[in-house]
Amino acid sequence: MRVRRSRSATGWALIAVLTLLLSGCAVAGDDGDIPQNALAPAGPVARAQDALWDLAFPIAVVVFIVVQGLILYALFRFRSRGQEEKLPKQVAGNTRLEIGWTLLPAVVLAFIAVPTVSTIFALSTAEEDALNVRVVGKQYWWEFEYQDPEQQGVVTATQLVIPAGREIQLDMQSVSAQQPFDPGALPQGEIDPRGPVALGVIHSFWVPQLAGKVDVVPGHTRHMKIEADEPGLYLGQCAEFCGLSHPNMKFSVLAQTPEEFDAWIEAQAQEAEVAEEGLAAEGQNLFAEQGCVSCHAVAGHPDNLDIRIGPNLTHFNTREEFAGGILDVQNDDHLRAWLANPQAEKPGAQMPNLNLSEGDIEALVAYLRTLD
Ligand code: CUA
């Protein structure tokens, strides 16, 4: 008996040590920053939500300790001591206690509800000068489409670029890149240039340092706002299981100074240059011949169809990551591996394996490198 007890104590100690060690995995770099720490808000939206946590969490801890403490006390105090005992005094109802444990939680809940409800209302109204971006969740990457007249036509993927210090209003939808076996079987109007709406799945948009998560549900437009105080890179992650590559559906929000952002928008609104000669021109032809144009838009490509089933590649080189944030844009080997076999890099990816030859892949990489 004694041996077993000491073993389970060892087991608990091991779990405690492992928990400590694994919690270290969340820390990146030497400065101890946790890039997806929801308790380190970096903007007003996240701060308002964090303030609610700061209010409710200590109360919840006190309630937990009191309730669990009473349960443990009752378990030990009134446990069976082995011998036959007569029943304790039987009690039916106690008005004072019942009023007490009804009123007290009601007061606590009301105390939490007032700031919670007012925060919900405050966060659901958009400021006049908010920047409007449509976010489209697909399997398995995020598309960002700038909605305001000054930024019309700018569409990007995987990295959302925003100006720091300005509110960003997000309209979020879900579509699928998957093509239906029988398009006629889908309800009218369920296919748009971005992919069939009816085949969308639930994703959840979460940039912990900028705002709490919001589910993106097919057939609905969900709204949320985010804002970053300072320029910087804020990491995000799809937070709702959406299929095989749900863990590979990462993204980031890059907050820039307003001047940098304006320059970025101006550059993004330009068309890509047409490749006139060499390997890049060969790749440009292949981009049409191999059918890339029927999923990917490249504004400026001679055969551009402006279809947005896959990511818009017009300014591919200005992004940091691709394939849902798991591969490095600047790494030629990543690009080659992706073009050779997308599913091997990202299971369930909806980009087909085109069985490209090595020569084709080199030409396509050369072309993609011209897309600045
Ligand atoms: Cu999208 Cu998980």
# chains A, B, ... in the order shown; residues from 1 in each chain; ligands from 1
>>> closest_atom_pairs(of="chain A", to="ligand 1", cutoff="9 Å", atoms="only C-alpha atoms and all ligand atoms", output="CSV")
residue,atom,partner,partner_atom_place_in_ligand_line,distance
A:Gly137,CA,ligand 1,1 (Cu),6.6
A:Lys138,CA,ligand 1,1 (Cu),6.9
A:Gln139,CA,ligand 1,1 (Cu),6.3
A:Tyr140,CA,ligand 1,1 (Cu),5.7
A:Trp141,CA,ligand 1,1 (Cu),7.1
A:Trp142,CA,ligand 1,1 (Cu),8.3
A:Val201,CA,ligand 1,1 (Cu),7.8
A:Ile202,CA,ligand 1,1 (Cu),6.8
A:His203,CA,ligand 1,1 (Cu),4.1
A:Ser204,CA,ligand 1,1 (Cu),6.3
A:Phe205,CA,ligand 1,1 (Cu),8.1
A:Val216,CA,ligand 1,1 (Cu),8.8
A:Gln237,CA,ligand 1,2 (Cu),7.8
A:Cys238,CA,ligand 1,2 (Cu),4.5
A:Ala239,CA,ligand 1,2 (Cu),5.5
A:Glu240,CA,ligand 1,2 (Cu),4.4
A:Phe241,CA,ligand 1,2 (Cu),4.2
A:Cys242,CA,ligand 1,2 (Cu),4.0
A:Gly243,CA,ligand 1,2 (Cu),6.6
A:Leu244,CA,ligand 1,2 (Cu),8.7
A:Ser245,CA,ligand 1,2 (Cu),7.3
A:His246,CA,ligand 1,2 (Cu),3.8
A:Pro247,CA,ligand 1,2 (Cu),6.5
A:Asn248,CA,ligand 1,2 (Cu),8.0
A:Met249,CA,ligand 1,1 (Cu),5.7
A:Lys250,CA,ligand 1,1 (Cu),8.5
>>> select_by_dssp(residues="range 11-107 of chain A", states="helix (DSSP H, G or I)", output="PyMOL selection string")
chain A and resi 11-26+44-77+95-107
>>> residues_around(residues="range 261-276 of chain A", least_positions_apart="6", cutoff="8 Å", atoms="only C-alpha atoms", output="list in words")
Gln151, Gln152, Gly153, Val154, Val161, Ile162, Pro163, Gln284, Val298, Ala299, Gly300, His301, Pro302, Thr314, His315, Tyr367, Thr370, Leu371 and Asp372 of chain A
>>> atom_distance(atom1="CA of Phe111 in chain A", atom2="CA of Ile65 in chain A")
19.3 Å
>>> residues_around(residues="Asn355 in chain A", least_positions_apart="4", cutoff="12 Å", atoms="only C-alpha atoms", output="ChimeraX atom specification")
/A:290,337-342,351,359-361
>>> closest_residue(among="A:Ala16, A:Leu286, A:Ala113, A:Ile226", to="Ala46 in chain A", atoms="only C-alpha atoms")
A:Ile226
>>> closest_residue(among="A:Leu199, A:Leu14, A:Leu368, A:Leu235", to="Phe251 in chain A", atoms="only C-alpha atoms")
A:Leu235
>>> residues_around(residues="Leu123 in chain A", least_positions_apart="6", cutoff="8 Å", atoms="only C-alpha atoms", output="list in words")
Val45, Met224 and Lys225 of chain A
>>> residues_around(residues="Ile59 in chain A", least_positions_apart="3", cutoff="12 Å", atoms="only C-alpha atoms", output="PDB file with all heavy atoms, in the first residue's frame")
ATOM      1  N   LEU A  52     -11.947  42.391 -18.752  1.00  0.00           N
ATOM      2  CA  LEU A  52     -13.044  41.541 -18.265  1.00  0.00           C
ATOM      3  C   LEU A  52     -12.492  40.292 -17.583  1.00  0.00           C
ATOM      4  O   LEU A  52     -12.991  39.853 -16.554  1.00  0.00           O
ATOM      5  CB  LEU A  52     -13.957  41.130 -19.421  1.00  0.00           C
ATOM      6  CG  LEU A  52     -14.836  42.223 -20.020  1.00  0.00           C
ATOM      7  CD1 LEU A  52     -15.650  41.659 -21.162  1.00  0.00           C
ATOM      8  CD2 LEU A  52     -15.749  42.815 -18.952  1.00  0.00           C
ATOM      9  N   TRP A  53     -11.457  39.744 -18.211  1.00  0.00           N
ATOM     10  CA  TRP A  53     -10.789  38.560 -17.625  1.00  0.00           C
ATOM     11  C   TRP A  53     -10.227  38.908 -16.243  1.00  0.00           C
ATOM     12  O   TRP A  53     -10.414  38.167 -15.284  1.00  0.00           O
ATOM     13  CB  TRP A  53      -9.703  38.090 -18.586  1.00  0.00           C
ATOM     14  CG  TRP A  53      -8.604  37.292 -17.949  1.00  0.00           C
ATOM     15  CD1 TRP A  53      -7.459  37.786 -17.375  1.00  0.00           C
ATOM     16  CD2 TRP A  53      -8.528  35.874 -17.806  1.00  0.00           C
ATOM     17  NE1 TRP A  53      -6.689  36.760 -16.897  1.00  0.00           N
ATOM     18  CE2 TRP A  53      -7.316  35.576 -17.143  1.00  0.00           C
ATOM     19  CE3 TRP A  53      -9.371  34.821 -18.184  1.00  0.00           C
ATOM     20  CZ2 TRP A  53      -6.923  34.274 -16.853  1.00  0.00           C
ATOM     21  CZ3 TRP A  53      -8.970  33.532 -17.890  1.00  0.00           C
ATOM     22  CH2 TRP A  53      -7.776  33.261 -17.236  1.00  0.00           C
ATOM     23  N   ASP A  54      -9.551  40.067 -16.178  1.00  0.00           N
ATOM     24  CA  ASP A  54      -8.945  40.474 -14.907  1.00  0.00           C
ATOM     25  C   ASP A  54      -9.999  40.621 -13.816  1.00  0.00           C
ATOM     26  O   ASP A  54      -9.729  40.401 -12.643  1.00  0.00           O
ATOM     27  CB  ASP A  54      -8.198  41.807 -15.070  1.00  0.00           C
ATOM     28  CG  ASP A  54      -6.917  41.629 -15.866  1.00  0.00           C
ATOM     29  OD1 ASP A  54      -6.502  40.464 -16.051  1.00  0.00           O
ATOM     30  OD2 ASP A  54      -6.340  42.638 -16.312  1.00  0.00           O
ATOM     31  N   LEU A  55     -11.209  41.015 -14.219  1.00  0.00           N
ATOM     32  CA  LEU A  55     -12.285  41.198 -13.258  1.00  0.00           C
ATOM     33  C   LEU A  55     -12.886  39.853 -12.846  1.00  0.00           C
ATOM     34  O   LEU A  55     -13.080  39.573 -11.660  1.00  0.00           O
ATOM     35  CB  LEU A  55     -13.373  42.081 -13.897  1.00  0.00           C
ATOM     36  CG  LEU A  55     -14.630  42.307 -13.071  1.00  0.00           C
ATOM     37  CD1 LEU A  55     -14.364  43.361 -12.008  1.00  0.00           C
ATOM     38  CD2 LEU A  55     -15.791  42.744 -13.966  1.00  0.00           C
ATOM     39  N   ALA A  56     -13.169  39.013 -13.860  1.00  0.00           N
ATOM     40  CA  ALA A  56     -13.931  37.791 -13.580  1.00  0.00           C
ATOM     41  C   ALA A  56     -13.060  36.672 -13.008  1.00  0.00           C
ATOM     42  O   ALA A  56     -13.532  35.871 -12.194  1.00  0.00           O
ATOM     43  CB  ALA A  56     -14.628  37.307 -14.863  1.00  0.00           C
ATOM     44  N   VAL A  62     -11.966  32.593  -6.331  1.00  0.00           N
ATOM     45  CA  VAL A  62     -12.514  32.587  -4.975  1.00  0.00           C
ATOM     46  C   VAL A  62     -13.695  31.612  -4.888  1.00  0.00           C
ATOM     47  O   VAL A  62     -13.778  30.790  -3.966  1.00  0.00           O
ATOM     48  CB  VAL A  62     -12.948  34.014  -4.549  1.00  0.00           C
ATOM     49  CG1 VAL A  62     -13.740  33.962  -3.248  1.00  0.00           C
ATOM     50  CG2 VAL A  62     -11.724  34.917  -4.419  1.00  0.00           C
ATOM     51  N   VAL A  63     -14.606  31.692  -5.882  1.00  0.00           N
ATOM     52  CA  VAL A  63     -15.765  30.790  -5.888  1.00  0.00           C
ATOM     53  C   VAL A  63     -15.292  29.342  -5.922  1.00  0.00           C
ATOM     54  O   VAL A  63     -15.782  28.478  -5.176  1.00  0.00           O
ATOM     55  CB  VAL A  63     -16.686  31.098  -7.099  1.00  0.00           C
ATOM     56  CG1 VAL A  63     -17.748  30.009  -7.265  1.00  0.00           C
ATOM     57  CG2 VAL A  63     -17.328  32.465  -6.934  1.00  0.00           C
ATOM     58  N   PHE A  64     -14.297  29.064  -6.768  1.00  0.00           N
ATOM     59  CA  PHE A  64     -13.772  27.702  -6.905  1.00  0.00           C
ATOM     60  C   PHE A  64     -13.232  27.204  -5.568  1.00  0.00           C
ATOM     61  O   PHE A  64     -13.549  26.101  -5.123  1.00  0.00           O
ATOM     62  CB  PHE A  64     -12.672  27.685  -7.964  1.00  0.00           C
ATOM     63  CG  PHE A  64     -12.024  26.335  -8.149  1.00  0.00           C
ATOM     64  CD1 PHE A  64     -12.612  25.380  -8.966  1.00  0.00           C
ATOM     65  CD2 PHE A  64     -10.823  26.021  -7.512  1.00  0.00           C
ATOM     66  CE1 PHE A  64     -12.025  24.131  -9.135  1.00  0.00           C
ATOM     67  CE2 PHE A  64     -10.233  24.775  -7.675  1.00  0.00           C
ATOM     68  CZ  PHE A  64     -10.839  23.822  -8.491  1.00  0.00           C
ATOM     69  N   ILE A  65     -12.425  28.048  -4.923  1.00  0.00           N
ATOM     70  CA  ILE A  65     -11.798  27.615  -3.667  1.00  0.00           C
ATOM     71  C   ILE A  65     -12.858  27.391  -2.584  1.00  0.00           C
ATOM     72  O   ILE A  65     -12.833  26.385  -1.873  1.00  0.00           O
ATOM     73  CB  ILE A  65     -10.749  28.653  -3.203  1.00  0.00           C
ATOM     74  CG1 ILE A  65      -9.539  28.597  -4.153  1.00  0.00           C
ATOM     75  CG2 ILE A  65     -10.305  28.384  -1.771  1.00  0.00           C
ATOM     76  CD1 ILE A  65      -8.514  29.686  -3.916  1.00  0.00           C
ATOM     77  N   VAL A  66     -13.839  28.296  -2.499  1.00  0.00           N
ATOM     78  CA  VAL A  66     -14.886  28.148  -1.481  1.00  0.00           C
ATOM     79  C   VAL A  66     -15.692  26.875  -1.726  1.00  0.00           C
ATOM     80  O   VAL A  66     -15.888  26.048  -0.819  1.00  0.00           O
ATOM     81  CB  VAL A  66     -15.817  29.389  -1.468  1.00  0.00           C
ATOM     82  CG1 VAL A  66     -17.059  29.110  -0.626  1.00  0.00           C
ATOM     83  CG2 VAL A  66     -15.058  30.601  -0.939  1.00  0.00           C
ATOM     84  N   PRO A 105     -24.840  34.580  -5.515  1.00  0.00           N
ATOM     85  CA  PRO A 105     -24.435  34.412  -6.913  1.00  0.00           C
ATOM     86  C   PRO A 105     -25.083  35.454  -7.827  1.00  0.00           C
ATOM     87  O   PRO A 105     -24.456  35.919  -8.788  1.00  0.00           O
ATOM     88  CB  PRO A 105     -24.912  33.007  -7.274  1.00  0.00           C
ATOM     89  CG  PRO A 105     -25.051  32.310  -5.975  1.00  0.00           C
ATOM     90  CD  PRO A 105     -25.458  33.368  -4.982  1.00  0.00           C
ATOM     91  N   VAL A 107     -25.846  38.520  -7.105  1.00  0.00           N
ATOM     92  CA  VAL A 107     -25.101  39.775  -6.963  1.00  0.00           C
ATOM     93  C   VAL A 107     -23.764  39.684  -7.709  1.00  0.00           C
ATOM     94  O   VAL A 107     -23.385  40.588  -8.447  1.00  0.00           O
ATOM     95  CB  VAL A 107     -24.868  40.091  -5.461  1.00  0.00           C
ATOM     96  CG1 VAL A 107     -23.894  41.243  -5.299  1.00  0.00           C
ATOM     97  CG2 VAL A 107     -26.201  40.409  -4.786  1.00  0.00           C
ATOM     98  N   VAL A 108     -23.076  38.534  -7.558  1.00  0.00           N
ATOM     99  CA  VAL A 108     -21.783  38.357  -8.246  1.00  0.00           C
ATOM    100  C   VAL A 108     -21.984  38.432  -9.762  1.00  0.00           C
ATOM    101  O   VAL A 108     -21.245  39.123 -10.476  1.00  0.00           O
ATOM    102  CB  VAL A 108     -21.143  37.000  -7.847  1.00  0.00           C
ATOM    103  CG1 VAL A 108     -19.919  36.712  -8.707  1.00  0.00           C
ATOM    104  CG2 VAL A 108     -20.752  37.022  -6.375  1.00  0.00           C
ATOM    105  N   LEU A 109     -23.020  37.730 -10.272  1.00  0.00           N
ATOM    106  CA  LEU A 109     -23.257  37.720 -11.717  1.00  0.00           C
ATOM    107  C   LEU A 109     -23.608  39.113 -12.225  1.00  0.00           C
ATOM    108  O   LEU A 109     -23.146  39.531 -13.289  1.00  0.00           O
ATOM    109  CB  LEU A 109     -24.370  36.723 -12.067  1.00  0.00           C
ATOM    110  CG  LEU A 109     -23.967  35.241 -11.949  1.00  0.00           C
ATOM    111  CD1 LEU A 109     -25.133  34.334 -12.297  1.00  0.00           C
ATOM    112  CD2 LEU A 109     -22.775  34.940 -12.862  1.00  0.00           C
ATOM    113  N   PHE A 111     -22.665  41.887 -10.927  1.00  0.00           N
ATOM    114  CA  PHE A 111     -21.436  42.668 -10.845  1.00  0.00           C
ATOM    115  C   PHE A 111     -20.558  42.416 -12.079  1.00  0.00           C
ATOM    116  O   PHE A 111     -19.931  43.327 -12.610  1.00  0.00           O
ATOM    117  CB  PHE A 111     -20.691  42.278  -9.558  1.00  0.00           C
ATOM    118  CG  PHE A 111     -19.390  42.986  -9.364  1.00  0.00           C
ATOM    119  CD1 PHE A 111     -19.372  44.334  -9.023  1.00  0.00           C
ATOM    120  CD2 PHE A 111     -18.184  42.309  -9.529  1.00  0.00           C
ATOM    121  CE1 PHE A 111     -18.170  45.001  -8.853  1.00  0.00           C
ATOM    122  CE2 PHE A 111     -16.982  42.963  -9.361  1.00  0.00           C
ATOM    123  CZ  PHE A 111     -16.978  44.312  -9.009  1.00  0.00           C
ATOM    124  N   ILE A 112     -20.542  41.158 -12.568  1.00  0.00           N
ATOM    125  CA  ILE A 112     -19.742  40.836 -13.755  1.00  0.00           C
ATOM    126  C   ILE A 112     -20.482  41.243 -15.032  1.00  0.00           C
ATOM    127  O   ILE A 112     -19.868  41.644 -16.019  1.00  0.00           O
ATOM    128  CB  ILE A 112     -19.423  39.321 -13.784  1.00  0.00           C
ATOM    129  CG1 ILE A 112     -18.537  38.953 -12.587  1.00  0.00           C
ATOM    130  CG2 ILE A 112     -18.714  38.920 -15.076  1.00  0.00           C
ATOM    131  CD1 ILE A 112     -18.272  37.470 -12.459  1.00  0.00           C
TER     132      ILE A 112
END
>>> closest_residue(among="A:Val136, A:Ala211, A:Val155, A:Val329", to="Pro41 in chain A", atoms="only C-alpha atoms")
A:Ala211
>>> residues_around(residues="Ala130 in chain A", least_positions_apart="4", cutoff="7 Å", atoms="only C-alpha atoms", output="number ranges by chain")
A: 126, 166-169
>>> select_by_dssp(residues="range 245-316 of chain A", states="strand (DSSP E or B)", output="list in words")
Lys250, Phe251, Ser252, Val253, Leu254, Ala255 and Gln256 of chain A
>>> closest_residue(among="A:Val365, A:Gln343, A:Leu70, A:Thr221", to="Ala281 in chain A", atoms="only C-alpha atoms")
A:Val365
>>> atom_distance(atom1="CA of Asp33 in chain A", atom2="CA of Tyr234 in chain A")
11.6 Å
>>> atom_distance(atom1="CA of Leu279 in chain A", atom2="CA of Gly291 in chain A")
18.1 Å
>>> closest_residue(among="A:Ala164, A:Leu233, A:Gly212, A:Val175", to="Gln256 in chain A", atoms="only C-alpha atoms")
A:Ala164
>>> decode(residues="range 97-120 of chain A", atoms="N, CA, C and O atoms", output="compact mmCIF listing (two decimals), in the first residue's frame")
# COMPACT_ATOMS: atom_id res chain seq x y z
N LEU A 97 -30.42 30.16 4.59
CA LEU A 97 -29.32 29.71 3.72
C LEU A 97 -29.71 29.77 2.25
O LEU A 97 -28.95 30.20 1.39
N GLU A 98 -30.94 29.32 1.96
CA GLU A 98 -31.37 29.28 0.55
C GLU A 98 -31.44 30.68 -0.05
O GLU A 98 -31.03 30.89 -1.20
N ILE A 99 -31.96 31.63 0.72
CA ILE A 99 -31.98 33.01 0.22
C ILE A 99 -30.55 33.49 0.02
O ILE A 99 -30.21 34.11 -0.99
N GLY A 100 -29.68 33.12 0.96
CA GLY A 100 -28.28 33.53 0.87
C GLY A 100 -27.60 33.02 -0.39
O GLY A 100 -27.03 33.79 -1.15
N TRP A 101 -27.71 31.69 -0.64
CA TRP A 101 -26.99 31.17 -1.80
C TRP A 101 -27.72 31.41 -3.11
O TRP A 101 -27.26 31.00 -4.16
N THR A 102 -28.89 32.02 -3.08
CA THR A 102 -29.50 32.49 -4.33
C THR A 102 -29.07 33.94 -4.59
O THR A 102 -28.70 34.29 -5.70
N LEU A 103 -29.11 34.74 -3.51
CA LEU A 103 -28.79 36.16 -3.68
C LEU A 103 -27.31 36.40 -4.01
O LEU A 103 -26.98 37.18 -4.90
N LEU A 104 -26.44 35.70 -3.28
CA LEU A 104 -25.01 35.97 -3.44
C LEU A 104 -24.53 35.75 -4.88
O LEU A 104 -23.93 36.66 -5.47
N PRO A 105 -24.84 34.58 -5.52
CA PRO A 105 -24.43 34.41 -6.91
C PRO A 105 -25.08 35.45 -7.83
O PRO A 105 -24.46 35.92 -8.79
N ALA A 106 -26.35 35.82 -7.53
CA ALA A 106 -27.04 36.81 -8.37
C ALA A 106 -26.29 38.14 -8.32
O ALA A 106 -26.09 38.80 -9.34
N VAL A 107 -25.85 38.52 -7.11
CA VAL A 107 -25.10 39.78 -6.96
C VAL A 107 -23.76 39.68 -7.71
O VAL A 107 -23.38 40.59 -8.45
N VAL A 108 -23.08 38.53 -7.56
CA VAL A 108 -21.78 38.36 -8.25
C VAL A 108 -21.98 38.43 -9.76
O VAL A 108 -21.25 39.12 -10.48
N LEU A 109 -23.02 37.73 -10.27
CA LEU A 109 -23.26 37.72 -11.72
C LEU A 109 -23.61 39.11 -12.22
O LEU A 109 -23.15 39.53 -13.29
N ALA A 110 -24.43 39.84 -11.45
CA ALA A 110 -24.80 41.19 -11.87
C ALA A 110 -23.55 42.08 -11.91
O ALA A 110 -23.35 42.87 -12.84
N PHE A 111 -22.66 41.89 -10.93
CA PHE A 111 -21.44 42.67 -10.85
C PHE A 111 -20.56 42.42 -12.08
O PHE A 111 -19.93 43.33 -12.61
N ILE A 112 -20.54 41.16 -12.57
CA ILE A 112 -19.74 40.84 -13.75
C ILE A 112 -20.48 41.24 -15.03
O ILE A 112 -19.87 41.64 -16.02
N ALA A 113 -21.83 41.15 -15.00
CA ALA A 113 -22.61 41.38 -16.22
C ALA A 113 -22.54 42.83 -16.69
O ALA A 113 -22.47 43.09 -17.89
N VAL A 114 -22.51 43.77 -15.75
CA VAL A 114 -22.57 45.18 -16.17
C VAL A 114 -21.37 45.55 -17.08
O VAL A 114 -21.57 45.97 -18.21
N PRO A 115 -20.13 45.32 -16.64
CA PRO A 115 -19.01 45.63 -17.54
C PRO A 115 -18.96 44.72 -18.76
O PRO A 115 -18.55 45.16 -19.85
N THR A 116 -19.42 43.45 -18.62
CA THR A 116 -19.37 42.53 -19.76
C THR A 116 -20.28 43.02 -20.88
O THR A 116 -19.87 43.13 -22.04
N VAL A 117 -21.53 43.33 -20.51
CA VAL A 117 -22.49 43.75 -21.54
C VAL A 117 -22.05 45.07 -22.17
O VAL A 117 -22.11 45.25 -23.39
N SER A 118 -21.56 45.99 -21.34
CA SER A 118 -21.17 47.28 -21.93
C SER A 118 -19.94 47.10 -22.83
O SER A 118 -19.84 47.76 -23.88
N THR A 119 -19.04 46.16 -22.50
CA THR A 119 -17.90 45.90 -23.39
C THR A 119 -18.37 45.27 -24.69
O THR A 119 -17.89 45.64 -25.77
N ILE A 120 -19.33 44.35 -24.61
CA ILE A 120 -19.85 43.72 -25.83
C ILE A 120 -20.41 44.78 -26.77
O ILE A 120 -20.12 44.80 -27.98
